[in-house]
Amino acid sequence: QVQLVESGGGFVQPGGSLRLSCTASGIIFSTHAMAWYRQAPGKERQFLAVFTSGGTTNYGDSVKGRFTISRDNAKSTVYLQMNNLKPEDTAVYYCFTRWRENDCWGQGTQVTVSA
């Protein structure tokens with residue numbers, strides 16, 4: 001059974017930084033693309049970034065230049081470094097992967113950006 005466990009969320013002032021972590025179990029981590037999404041209240045879930053098993057990355061337009069995705073295959077962990085945070089970045093952040101044609105999501109971690 002695939003488990004994704006996020007951590008690192010919290011409260012931060014505008015302009016601040018946070019690093020989110022997502023540790024996976026139940027999959028051969030190095031062979032899977034890993035992605036981050038977020039969902040703000042009343043809005044659809046939004047793609048943020050993906051790190052493929054081949055080593056390429058791609059970002060959503062709203063976070064390009066501010067967020068960086070990375071992964072440590074030895075730790076089965078994917079990270080999201082978030083810099084220059086804005087109030088509109090407030091959301092629940094989710095880790096995602098696909099396993100055997102199934103969508104797998106973590107439980108989410110809350111990020112709140114406010115003065």
# chains A, B, ... in the order shown; residues from 1 in each chain; ligands from 1
>>> closest_atom_pairs(of="segment 6-61 of chain A", to="segment 93-107 of chain A", cutoff="6 Å", atoms="only C-alpha atoms", output="tab-separated table")
residue	atom	partner	partner_atom	distance
A:Met34	CA	A:Thr97	CA	5.2
A:Ala35	CA	A:Phe96	CA	5.1
A:Trp36	CA	A:Cys95	CA	4.7
A:Tyr37	CA	A:Tyr94	CA	5.1
A:Arg38	CA	A:Tyr93	CA	4.2
>>> residues_around(residues="segment 56-71 of chain A", least_positions_apart="3", cutoff="12 Å", atoms="only C-alpha atoms", output="ChimeraX atom specification")
/A:15-24,29-38,46-53,74-86,88-89,95
>>> closest_atom_pairs(of="segment 10-84 of chain A", to="segment 109-113 of chain A", cutoff="7 Å", atoms="only C-alpha atoms", output="Markdown table")
| residue | atom | partner | partner_atom | distance |
| --- | --- | --- | --- | --- |
| A:Gly10 | CA | A:Val111 | CA | 5.0 |
| A:Phe11 | CA | A:Thr112 | CA | 4.8 |
| A:Val12 | CA | A:Val113 | CA | 5.0 |
| A:Gln13 | CA | A:Val113 | CA | 5.4 |
| A:Pro14 | CA | A:Val113 | CA | 5.8 |
>>> select_by_dssp(residues="segment 25-109 of chain A", states="strand (DSSP E or B)", output="PyMOL selection string")
chain A and resi 25+34-39+46-51+57-59+67-72+77-82+91-99+102-105+109
>>> atom_distance(atom1="atom CA of Val92 of chain A", atom2="atom CA of Pro41 of chain A")
8.6 Å
>>> atom_distance(atom1="atom CA of Ala91 of chain A", atom2="atom CA of Ile27 of chain A")
26.8 Å
